[in-house]
Amino acid sequence: MTSRPARRTAANVGKKAIAQAIQAAGNFVLATHVRPDGDALGSLFGLARILTGLGKQALCYLEEPPPELHSVLGAGLRLETDIERVRAVVQACGADIMGICLDCGDMARLGKNGPALREIRPFAVIDHHQSNEGFGDLHWIEPGRSSTGEMVYDLAVELGAAENLSFEAAECLYTALVTDTGSFQYDSTTAHTFAVAGRLLNRGVRPAVISQRLYDNASFGSLQLMQLVLSTLQTFFDDQVAVIQVSRKMLETTGTDYEDCGSLIDFPRSIKGVRAAVFLKEREDGEISVSIRAKGDCDVAQAAAQFGGGGHKNAAGFRLHGQSMEQVRDLLLPVLEKALAQ
């Protein structure tokens, strides 16, 4: 399977057509990308709660169990990690089934069982990554959106479900907004984003509780990991690009995992004068995972696309095999230099 998305096979239909397809179905399989973040899981679990509130059946598929940080969002929902059980559910539903993929920029990001999920018909894609070229039967892709969670809320409005949105669904969608906007700091944050956040607060969401859950639960090991990761900091191009990295040995030494790395890229990004921050992660399978965060007009999605990745203008990433972290860094730096000059 290639890492580049296929060309769109159907029009970008918008939320009205997606809502009409949802209204016509009674059973749903929802999925998101591998190694899901807060927007992915908040959108996934939020939409599942919206659908069950409408009297429909929703199964959430993840390649692996959700990270502990976000597991509370899926409490009480039907969650499956076994693709064969998903197939059995789909078969039992016959023609009354719909697949929905959320916050996933291309089919490769669905993971090893992406082709099996794509067999569900119809298969809809709801996403806000500018690199998403579409890979379903129905697409609703809006790159200007702050988060997929914001889009799911608008879908709830279209479905007539927003006024009776459950507290649990509101918490899921608020988590999606907060995490993918960098706590409402990124350029993609709009007046509509704040309006949606306000409506979620009206459903009982408490920002302090979500903030504490996301940001105030560090372990001692995670602080040790932070110390090791920040010791790798390097800057390039007159300190406009900052690079940090995490190795498997660092994780073993501190008794941590990749979930503890989530917010570390915010530190180099916060340095005065830095326009792009890069976080290189050495994974167990020899893969190097690269996250890029930028400020202002530096478009890192285009940079990531050159390596088969993608994302948003100020937040993107990609993965490479068969290279060391230093080799990946040296491949990326000239591309970022050009992005800085544009």
# chains A, B, ... in the order shown; residues from 1 in each chain; ligands from 1

call {"tool": "residues_around", "arguments": {"residues": "Gly76 of chain A", "least_positions_apart": "5", "cutoff": "12 Å", "atoms": "only C-alpha atoms", "output": "list of chain:residue names"}}
result
A:Phe45, A:Ala48, A:Arg49, A:Thr52, A:Ala58, A:Leu59, A:Cys60, A:Ser71, A:Glu168, A:Ala169

call {"tool": "write_last_selection", "arguments": {"atoms": "all heavy atoms", "output": "compact mmCIF listing (two decimals), in the first residue's frame"}}
result
# COMPACT_ATOMS: atom_id res chain seq x y z
N PHE A 45 -15.52 9.25 18.90
CA PHE A 45 -16.44 8.92 19.99
C PHE A 45 -17.61 9.91 20.05
O PHE A 45 -18.72 9.56 20.43
CB PHE A 45 -15.69 8.91 21.31
CG PHE A 45 -14.64 7.82 21.41
CD1 PHE A 45 -13.45 8.05 22.09
CD2 PHE A 45 -14.85 6.58 20.83
CE1 PHE A 45 -12.48 7.05 22.18
CE2 PHE A 45 -13.89 5.58 20.92
CZ PHE A 45 -12.70 5.82 21.60
N ALA A 48 -20.07 8.83 17.43
CA ALA A 48 -20.74 7.61 17.88
C ALA A 48 -21.84 7.93 18.87
O ALA A 48 -22.94 7.34 18.82
CB ALA A 48 -19.71 6.66 18.51
N ARG A 49 -21.59 8.86 19.78
CA ARG A 49 -22.61 9.23 20.78
C ARG A 49 -23.77 9.97 20.12
O ARG A 49 -24.93 9.81 20.51
CB ARG A 49 -21.96 10.07 21.88
CG ARG A 49 -20.93 9.29 22.69
CD ARG A 49 -20.43 10.08 23.89
NE ARG A 49 -19.36 9.38 24.59
CZ ARG A 49 -19.53 8.35 25.42
NH1 ARG A 49 -20.74 7.90 25.66
NH2 ARG A 49 -18.50 7.77 26.01
N THR A 52 -25.87 7.20 18.37
CA THR A 52 -26.65 6.40 19.32
C THR A 52 -27.78 7.22 19.92
O THR A 52 -28.87 6.70 20.20
CB THR A 52 -25.76 5.83 20.43
OG1 THR A 52 -25.05 6.89 21.08
CG2 THR A 52 -24.74 4.85 19.87
N ALA A 58 -23.83 2.14 16.52
CA ALA A 58 -22.51 2.59 16.09
C ALA A 58 -21.42 1.73 16.73
O ALA A 58 -21.41 1.53 17.94
CB ALA A 58 -22.30 4.05 16.46
N LEU A 59 -20.52 1.25 15.90
CA LEU A 59 -19.35 0.50 16.35
C LEU A 59 -18.12 1.32 16.01
O LEU A 59 -17.95 1.75 14.86
CB LEU A 59 -19.31 -0.86 15.66
CG LEU A 59 -18.17 -1.83 16.04
CD1 LEU A 59 -18.61 -3.27 15.78
CD2 LEU A 59 -16.89 -1.55 15.26
N CYS A 60 -17.26 1.54 16.98
CA CYS A 60 -16.01 2.28 16.76
C CYS A 60 -14.86 1.30 16.59
O CYS A 60 -14.63 0.46 17.47
CB CYS A 60 -15.71 3.20 17.93
SG CYS A 60 -16.94 4.48 18.22
N SER A 71 -9.09 7.49 26.94
CA SER A 71 -9.97 6.32 27.04
C SER A 71 -11.32 6.67 27.67
O SER A 71 -12.33 6.05 27.37
CB SER A 71 -9.29 5.21 27.84
OG SER A 71 -8.98 5.65 29.15
N GLU A 168 -21.72 13.82 27.37
CA GLU A 168 -20.58 12.99 26.99
C GLU A 168 -20.12 13.30 25.56
O GLU A 168 -18.92 13.39 25.29
CB GLU A 168 -20.96 11.51 27.10
CG GLU A 168 -21.16 11.01 28.52
CD GLU A 168 -22.54 11.35 29.08
OE1 GLU A 168 -23.40 11.85 28.31
OE2 GLU A 168 -22.74 11.11 30.29
N ALA A 169 -21.07 13.50 24.65
CA ALA A 169 -20.71 13.86 23.28
C ALA A 169 -20.05 15.24 23.24
O ALA A 169 -19.08 15.45 22.51
CB ALA A 169 -21.95 13.85 22.39

call {"tool": "closest_atom_pairs", "arguments": {"of": "segment 21-126 of chain A", "to": "segment 305-324 of chain A", "cutoff": "10 Å", "atoms": "only C-alpha atoms", "output": "Markdown table"}}
result
| residue | atom | partner | partner_atom | distance |
| --- | --- | --- | --- | --- |
| A:Cys104 | CA | A:Gly311 | CA | 9.4 |
| A:Gly105 | CA | A:Gly311 | CA | 7.1 |
| A:Asp106 | CA | A:Gly310 | CA | 9.0 |
| A:Arg109 | CA | A:Gly309 | CA | 9.6 |

call {"tool": "write_last_selection", "arguments": {"atoms": "all heavy atoms", "output": "mmCIF file, in the first residue's frame"}}
result
data_model
loop_
_atom_site.group_PDB
_atom_site.id
_atom_site.type_symbol
_atom_site.label_atom_id
_atom_site.label_comp_id
_atom_site.auth_asym_id
_atom_site.auth_seq_id
_atom_site.Cartn_x
_atom_site.Cartn_y
_atom_site.Cartn_z
ATOM 1 N N CYS A 104 -8.850 11.498 9.021
ATOM 2 C CA CYS A 104 -7.817 10.646 8.430
ATOM 3 C C CYS A 104 -7.475 11.177 7.041
ATOM 4 O O CYS A 104 -8.340 11.201 6.165
ATOM 5 C CB CYS A 104 -8.302 9.203 8.366
ATOM 6 S SG CYS A 104 -7.038 8.019 7.895
ATOM 7 N N GLY A 105 -6.224 11.578 6.837
ATOM 8 C CA GLY A 105 -5.841 12.248 5.602
ATOM 9 C C GLY A 105 -5.718 11.370 4.382
ATOM 10 O O GLY A 105 -5.811 11.847 3.254
ATOM 11 N N ASP A 106 -5.481 10.066 4.552
ATOM 12 C CA ASP A 106 -5.436 9.140 3.436
ATOM 13 C C ASP A 106 -5.645 7.725 3.952
ATOM 14 O O ASP A 106 -5.555 7.470 5.154
ATOM 15 C CB ASP A 106 -4.121 9.254 2.648
ATOM 16 C CG ASP A 106 -2.905 8.951 3.501
ATOM 17 O OD1 ASP A 106 -2.720 7.773 3.877
ATOM 18 O OD2 ASP A 106 -2.129 9.874 3.794
ATOM 19 N N ARG A 109 -3.319 5.857 6.375
ATOM 20 C CA ARG A 109 -3.376 6.221 7.795
ATOM 21 C C ARG A 109 -4.451 5.442 8.553
ATOM 22 O O ARG A 109 -4.483 5.460 9.777
ATOM 23 C CB ARG A 109 -3.627 7.721 7.942
ATOM 24 C CG ARG A 109 -2.456 8.596 7.539
ATOM 25 C CD ARG A 109 -1.402 8.626 8.626
ATOM 26 N NE ARG A 109 -1.794 9.493 9.721
ATOM 27 C CZ ARG A 109 -1.427 9.321 10.981
ATOM 28 N NH1 ARG A 109 -0.715 8.291 11.329
ATOM 29 N NH2 ARG A 109 -1.812 10.175 11.912
#

call {"tool": "residues_around", "arguments": {"residues": "Glu63 of chain A", "least_positions_apart": "3", "cutoff": "8 Å", "atoms": "only C-alpha atoms", "output": "list in words"}}
result
Val34, Thr81, Asp82, Gly111 and Asn113 of chain A

call {"tool": "write_last_selection", "arguments": {"atoms": "N, CA, C and O atoms", "output": "mmCIF file, in the first residue's frame"}}
result
data_model
loop_
_atom_site.group_PDB
_atom_site.id
_atom_site.type_symbol
_atom_site.label_atom_id
_atom_site.label_comp_id
_atom_site.auth_asym_id
_atom_site.auth_seq_id
_atom_site.Cartn_x
_atom_site.Cartn_y
_atom_site.Cartn_z
ATOM 1 N N VAL A 34 -4.501 5.626 12.620
ATOM 2 C CA VAL A 34 -3.678 4.938 13.612
ATOM 3 C C VAL A 34 -2.982 5.974 14.498
ATOM 4 O O VAL A 34 -2.800 7.122 14.113
ATOM 5 N N THR A 81 -11.353 -3.778 18.322
ATOM 6 C CA THR A 81 -10.015 -3.759 17.731
ATOM 7 C C THR A 81 -9.768 -4.984 16.859
ATOM 8 O O THR A 81 -8.702 -5.094 16.250
ATOM 9 N N ASP A 82 -10.723 -5.886 16.785
ATOM 10 C CA ASP A 82 -10.612 -7.111 15.989
ATOM 11 C C ASP A 82 -11.371 -6.924 14.675
ATOM 12 O O ASP A 82 -12.604 -6.842 14.671
ATOM 13 N N GLY A 111 -4.403 2.352 8.619
ATOM 14 C CA GLY A 111 -3.674 1.215 9.160
ATOM 15 C C GLY A 111 -3.812 -0.033 8.310
ATOM 16 O O GLY A 111 -4.345 -0.011 7.192
ATOM 17 N N ASN A 113 -5.701 -2.522 8.345
ATOM 18 C CA ASN A 113 -7.029 -3.005 7.987
ATOM 19 C C ASN A 113 -7.853 -1.960 7.231
ATOM 20 O O ASN A 113 -9.072 -2.111 7.082
#

call {"tool": "closest_residue", "arguments": {"among": "A:Val209, A:Val72, A:Leu264, A:Leu51", "to": "Ala161 of chain A", "atoms": "only C-alpha atoms"}}
result
A:Leu51

call {"tool": "closest_residue", "arguments": {"among": "A:Cys298, A:Ala304, A:Ile210, A:Leu223", "to": "Gly42 of chain A", "atoms": "only C-alpha atoms"}}
result
A:Ile210

call {"tool": "closest_residue", "arguments": {"among": "A:Gln91, A:Ser231, A:Ser289, A:Ser183", "to": "Ile120 of chain A", "atoms": "only C-alpha atoms"}}
result
A:Gln91

call {"tool": "atom_distance", "arguments": {"atom1": "atom CA of Pro143 of chain A", "atom2": "atom CA of Ala301 of chain A"}}
result
11.2 Å

call {"tool": "closest_residue", "arguments": {"among": "A:Ser270, A:Asn217, A:Gln23, A:Ser211", "to": "Ala176 of chain A", "atoms": "only C-alpha atoms"}}
result
A:Ser211

call {"tool": "closest_residue", "arguments": {"among": "A:Met151, A:Leu69, A:Ile22, A:Lys295", "to": "Asp216 of chain A", "atoms": "only C-alpha atoms"}}
result
A:Leu69

call {"tool": "atom_distance", "arguments": {"atom1": "atom CA of Leu214 of chain A", "atom2": "atom CA of Cys101 of chain A"}}
result
24.1 Å

call {"tool": "atom_distance", "arguments": {"atom1": "atom CA of Phe123 of chain A", "atom2": "atom CA of Met98 of chain A"}}
result
6.1 Å

call {"tool": "residues_around", "arguments": {"residues": "segment 235-242 of chain A", "least_positions_apart": "3", "cutoff": "7 Å", "atoms": "only C-alpha atoms", "output": "list in words"}}
result
Pro268, Gly273, Val274, Arg275, Ala276, Ala277 and Val278 of chain A

call {"tool": "select_by_dssp", "arguments": {"residues": "segment 173-235 of chain A", "states": "helix (DSSP H, G or I)", "output": "NGL selection string"}}
result
:A and (173-180 or 191-202 or 207-215 or 220-230)

call {"tool": "closest_residue", "arguments": {"among": "A:Gly149, A:Gly144, A:Gly286, A:Gly182", "to": "Asp266 of chain A", "atoms": "only C-alpha atoms"}}
result
A:Gly182

call {"tool": "residues_around", "arguments": {"residues": "Leu44 of chain A", "least_positions_apart": "4", "cutoff": "8 Å", "atoms": "only C-alpha atoms", "output": "PyMOL selection string"}}
result
chain A and resi 30-32+40+48+60+102

call {"tool": "select_by_dssp", "arguments": {"residues": "segment 66-298 of chain A", "states": "strand (DSSP E or B)", "output": "ChimeraX atom specification"}}
result
/A:78-80,98-102,123-127,138-141,234-236,241-246,276-282,287-294

call {"tool": "write_last_selection", "arguments": {"atoms": "C-alpha atoms", "output": "CSV table (one decimal), in the first residue's frame"}}
result
chain,number,residue,atom,x,y,z
A,78,ARG,CA,-19.1,-0.3,21.5
A,79,LEU,CA,-15.3,-0.4,20.7
A,80,GLU,CA,-13.7,-3.1,18.6
A,98,MET,CA,-22.5,2.8,6.5
A,99,GLY,CA,-18.8,3.3,7.1
A,100,ILE,CA,-17.4,6.7,8.3
A,101,CYS,CA,-13.8,7.6,8.5
A,102,LEU,CA,-12.9,10.7,10.6
A,123,PHE,CA,-18.0,4.7,2.9
A,124,ALA,CA,-17.8,8.4,3.9
A,125,VAL,CA,-14.8,10.6,4.8
A,126,ILE,CA,-15.0,13.6,7.1
A,127,ASP,CA,-11.7,15.4,7.5
A,138,LEU,CA,-18.7,10.4,-0.1
A,139,HIS,CA,-16.3,13.1,1.0
A,140,TRP,CA,-16.7,16.1,3.2
A,141,ILE,CA,-13.3,17.8,3.4
A,234,GLN,CA,19.2,21.8,17.8
A,235,THR,CA,18.4,24.9,15.8
A,236,PHE,CA,19.1,25.7,12.2
A,241,VAL,CA,14.0,25.8,12.8
A,242,ALA,CA,14.2,23.8,16.0
A,243,VAL,CA,14.6,20.0,16.1
A,244,ILE,CA,14.2,17.6,19.0
A,245,GLN,CA,14.1,13.8,19.0
A,246,VAL,CA,13.1,10.8,21.2
A,276,ALA,CA,9.0,25.6,12.5
A,277,ALA,CA,9.6,22.9,15.1
A,278,VAL,CA,10.4,19.3,14.2
A,279,PHE,CA,10.0,16.2,16.5
A,280,LEU,CA,11.7,13.0,15.3
A,281,LYS,CA,10.5,9.8,17.0
A,282,GLU,CA,12.2,6.4,16.7
A,287,GLU,CA,10.0,3.7,11.4
A,288,ILE,CA,10.9,7.3,12.1
A,289,SER,CA,7.8,9.4,12.8
A,290,VAL,CA,8.1,13.1,12.1
A,291,SER,CA,5.8,15.8,13.5
A,292,ILE,CA,6.2,19.4,12.3
A,293,ARG,CA,4.6,22.5,13.9
A,294,ALA,CA,4.9,26.0,12.5
